[in-house]
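Comments concern the structure below.
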Amino acid sequence: MNIQSGGFFKNYSSILLLLLGIILGSLVGLFAPSFVVHLKPIGDIFLNLLFTAVIPLIFFAIASAVASIDQSQKLGRILSTMMLVFLMTIVIAAIFTIFCVWLFPLSDQVIDASQTDMAVNKGDQQSWRERAVSFVTVSEFNQLLSREHMLAFIIFSFLVGISALRSGEAGESFRRFLSSGNEVMKNLLVYVMKLAPVGLGAYFAFQVGTVGPQLFGIYAKPMAVYYGGGLVYFFVFFSLYAFMGDGRRGVRLFWRNNILPSLTAISTCSSIAVIPPNLEAAKRIGIQESVANVVIPLGASLHKNGSSMSSIIKIAVAFALIGKPFMEPGTLLLAVGLTILVSIVAGGIPNGGYIGEMLMISAYGLPIEAVPAVMIIGTLVDPMATLLNATGDTVAAMIVNRWVKR
């Protein structure tokens with residue numbers, strides 16, 4: 001009995017401590033909202049450490065994975081399967097959300113944009129051509145090291161890995177360097193994550209103390225539809241995807257190892273911050289490292305079930321705001337198309353969906369008055385959206401892993 005108890009606490013002590021920190025932080029946010037301002041710097045310090053360590057981790061994880069791919073696991077097969085899985089789950093999430101909005105229409109919940117004062121980002125002055133260029137490339141090497149250019153950084157890491165793979169014997173020492181760097185950076189993340197109970201607890205306190213009260217205001221119905229549908233999608237569809245990946249065993253392994261990634265996603269509202277616990281979960285689930293190190297970092301930028309669902313909710317809210325019908329075939333088809341683009345445009349950083357929201361407003365030609373309301377909806381759904389975005393990468397990797405094995 002003592003041995004079993006000791007084993008339990010040894011295996012789950014980090015998760016229990018993290019839960020304790022989040023619970024205490026939530027209580028502070030609920031009962032002492034004026035005090036959470038003093039806790040935010042603690043959460044910011046933890047996130048800064050995490051983001052700083054994640055950048056080199058992504059480089060070494062992707063580059064070493066690509067450089068070490070053998071003849072039985074072609075890079076092209078991994079990438080093609082991954083993109084097919086990403087597209088499938090994003091579209092399913094969008095269609096499911098449309099069904100939720102059809103069941104619980106938002107047309108009777110018109111939001112008054114005059115009650116909001118959120119300004120449009122100055123960066124929205126760029127043309128979409130300029131956005132496309134800056135999204136996949138940067139003009140200076142040092143700009144790659146910013147998480148604001150995550151997709152460009154991932155593309156660069158892929159190119160380095162491919163170059164190392166094609167360099168033959170001359171690149172052997174460099175491939176060993178990439179593999180060694182990957183192990184070192186994973187250990188660094190282990191040390192950083194030991195601060196998670198305090199850091200995430202402080203950040204969670206700030207979120208509950210500042211954003212929490214708005215949940216009971218004029219955004220209650222859209223929030224209820226999104227969070228209710230999101231929970232159904234999280235438990236039902238992710239279980240289905242895990243079953244597709246490895247049968248009943250996959251479902252059991254996924255939920256057993258998805259606790260820490262889920263708590264990290266909810267607390268940080270950042271898909272990038274969840275990459276380390278996702279990689280660790282993938283290892284415990286049994287996903288091949290060559291698959292996990294490609295799918296999970298790329299998924300942080302390209303695979304967003306939560307953003308797909310939130311874009312549908314935002315479009316429905318915007319149409320309710322101006323009194324236009326949402327459930328029309330042309331509107332719905334364009335909405336599904338936009339969710340695919342938004343899932344790519346939205347970066348893996350907190351509140352990174354603002355660019356996607358402006359894309360939505362522009363595509364439909366909606367009035368500028370709809371922008372503040374849509375942005376606030378985006379902020380309020382961010383915890384659930386990040387949960388679906390980030391943890392969805394693991395079940396996607398499970399499906400890719402199964403097909404690559406075949």
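Each chain in the structure tokens gets a letter, A, B and so on, in the order shown; residues start at 1 in every chain, and ligands are counted from 1 in the order they appear.
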
Using only C-alpha atoms, which residues of stretch 205-315 of chain A come within 7 Å of stretch 98-103 of chain A, and what is the closest atom pair for each, with the distance in Å to one decimal? Give it as JSON lines, sorted by chain and residue number.
{"residue": "A:Val225", "atom": "CA", "partner": "A:Cys100", "partner_atom": "CA", "distance": 6.9}
{"residue": "A:Gly229", "atom": "CA", "partner": "A:Cys100", "partner_atom": "CA", "distance": 6.6}
{"residue": "A:Ile312", "atom": "CA", "partner": "A:Ile98", "partner_atom": "CA", "distance": 6.8}

Output file for the residues above (C-alpha atoms, as a compact mmCIF listing (two decimals), in the first residue's frame):
# COMPACT_ATOMS: atom_id res chain seq x y z
CA VAL A 225 -22.42 28.10 -27.13
CA GLY A 229 -19.65 23.00 -27.91
CA ILE A 312 -17.60 30.46 -36.77

Counting only C-alpha atoms, which residues of stretch 23-118 of chain A fall within 9 Å of stretch 167-190 of chain A, and what is the closest atom pair for each with its distance in Å at one decimal, ordered by chain and rising number, as CSV?
residue,atom,partner,partner_atom,distance
A:Leu50,CA,A:Leu189,CA,7.4
A:Ala53,CA,A:Leu189,CA,6.6
A:Val54,CA,A:Leu189,CA,7.7
A:Pro56,CA,A:Met185,CA,7.1
A:Leu57,CA,A:Met185,CA,5.3
A:Ile58,CA,A:Asn182,CA,8.6
A:Phe59,CA,A:Asn182,CA,8.3
A:Phe60,CA,A:Asn182,CA,4.8
A:Ala61,CA,A:Asn182,CA,5.5
A:Ile62,CA,A:Asn182,CA,8.9
A:Ala63,CA,A:Leu178,CA,6.8
A:Ser64,CA,A:Leu178,CA,5.1
A:Ala65,CA,A:Ser179,CA,8.1
A:Ala67,CA,A:Arg175,CA,6.4
A:Ser68,CA,A:Arg175,CA,7.5

Selection export as a CSV table (one decimal), in the first residue's frame, atoms kept: C-alpha atoms:
chain,number,residue,atom,x,y,z
A,50,LEU,CA,9.1,29.3,-21.2
A,53,ALA,CA,13.4,28.1,-24.1
A,54,VAL,CA,10.7,27.0,-26.6
A,56,PRO,CA,15.6,26.8,-29.6
A,57,LEU,CA,13.6,23.6,-28.6
A,58,ILE,CA,11.5,24.0,-31.8
A,59,PHE,CA,14.5,24.4,-33.9
A,60,PHE,CA,16.4,21.4,-32.6
A,61,ALA,CA,13.2,19.2,-32.4
A,62,ILE,CA,12.2,19.9,-36.1
A,63,ALA,CA,15.7,20.0,-37.6
A,64,SER,CA,16.9,16.8,-35.8
A,65,ALA,CA,13.6,15.0,-36.6
A,67,ALA,CA,17.6,15.2,-40.5
A,68,SER,CA,17.2,11.7,-38.9

Among listed residues A:Met82, A:Ala205, A:Ile69, A:Val160, nearest A:Leu30 (using only C-alpha atoms): A:Ala205

Those in stretch 155-347 of chain A with alpha helix (DSSP H) from DSSP, as a count of residues only: 151

Can you write out as a tab-separated table which residues of stretch 238-330 of chain A fall within 10 Å of stretch 149-154 of chain A, alongside each residue's closest atom pair and its distance in Å to one decimal, counting only C-alpha atoms and ordering rows by chain and ascending residue number?
residue	atom	partner	partner_atom	distance
A:Ile272	CA	A:Met150	CA	9.0
A:Val294	CA	A:Ile154	CA	9.6
A:Pro297	CA	A:Ile154	CA	7.8
A:Leu298	CA	A:Ile154	CA	7.0
A:Ala300	CA	A:Met150	CA	9.0
A:Ser301	CA	A:Leu151	CA	6.3
A:Leu302	CA	A:Leu151	CA	8.3

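With only C-alpha atoms as the atoms that count, the residue of A:Ala273, A:Ile259, A:Val251, A:Val317 with the shortest distance to A:Leu19 is A:Ile259.
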
Pick from A:Tyr364, A:Trp255, A:Tyr191, A:Tyr219, whichever lies nearest to A:Phe234 using only C-alpha atoms: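 Nearest to A:Phe234: A:Trp255.
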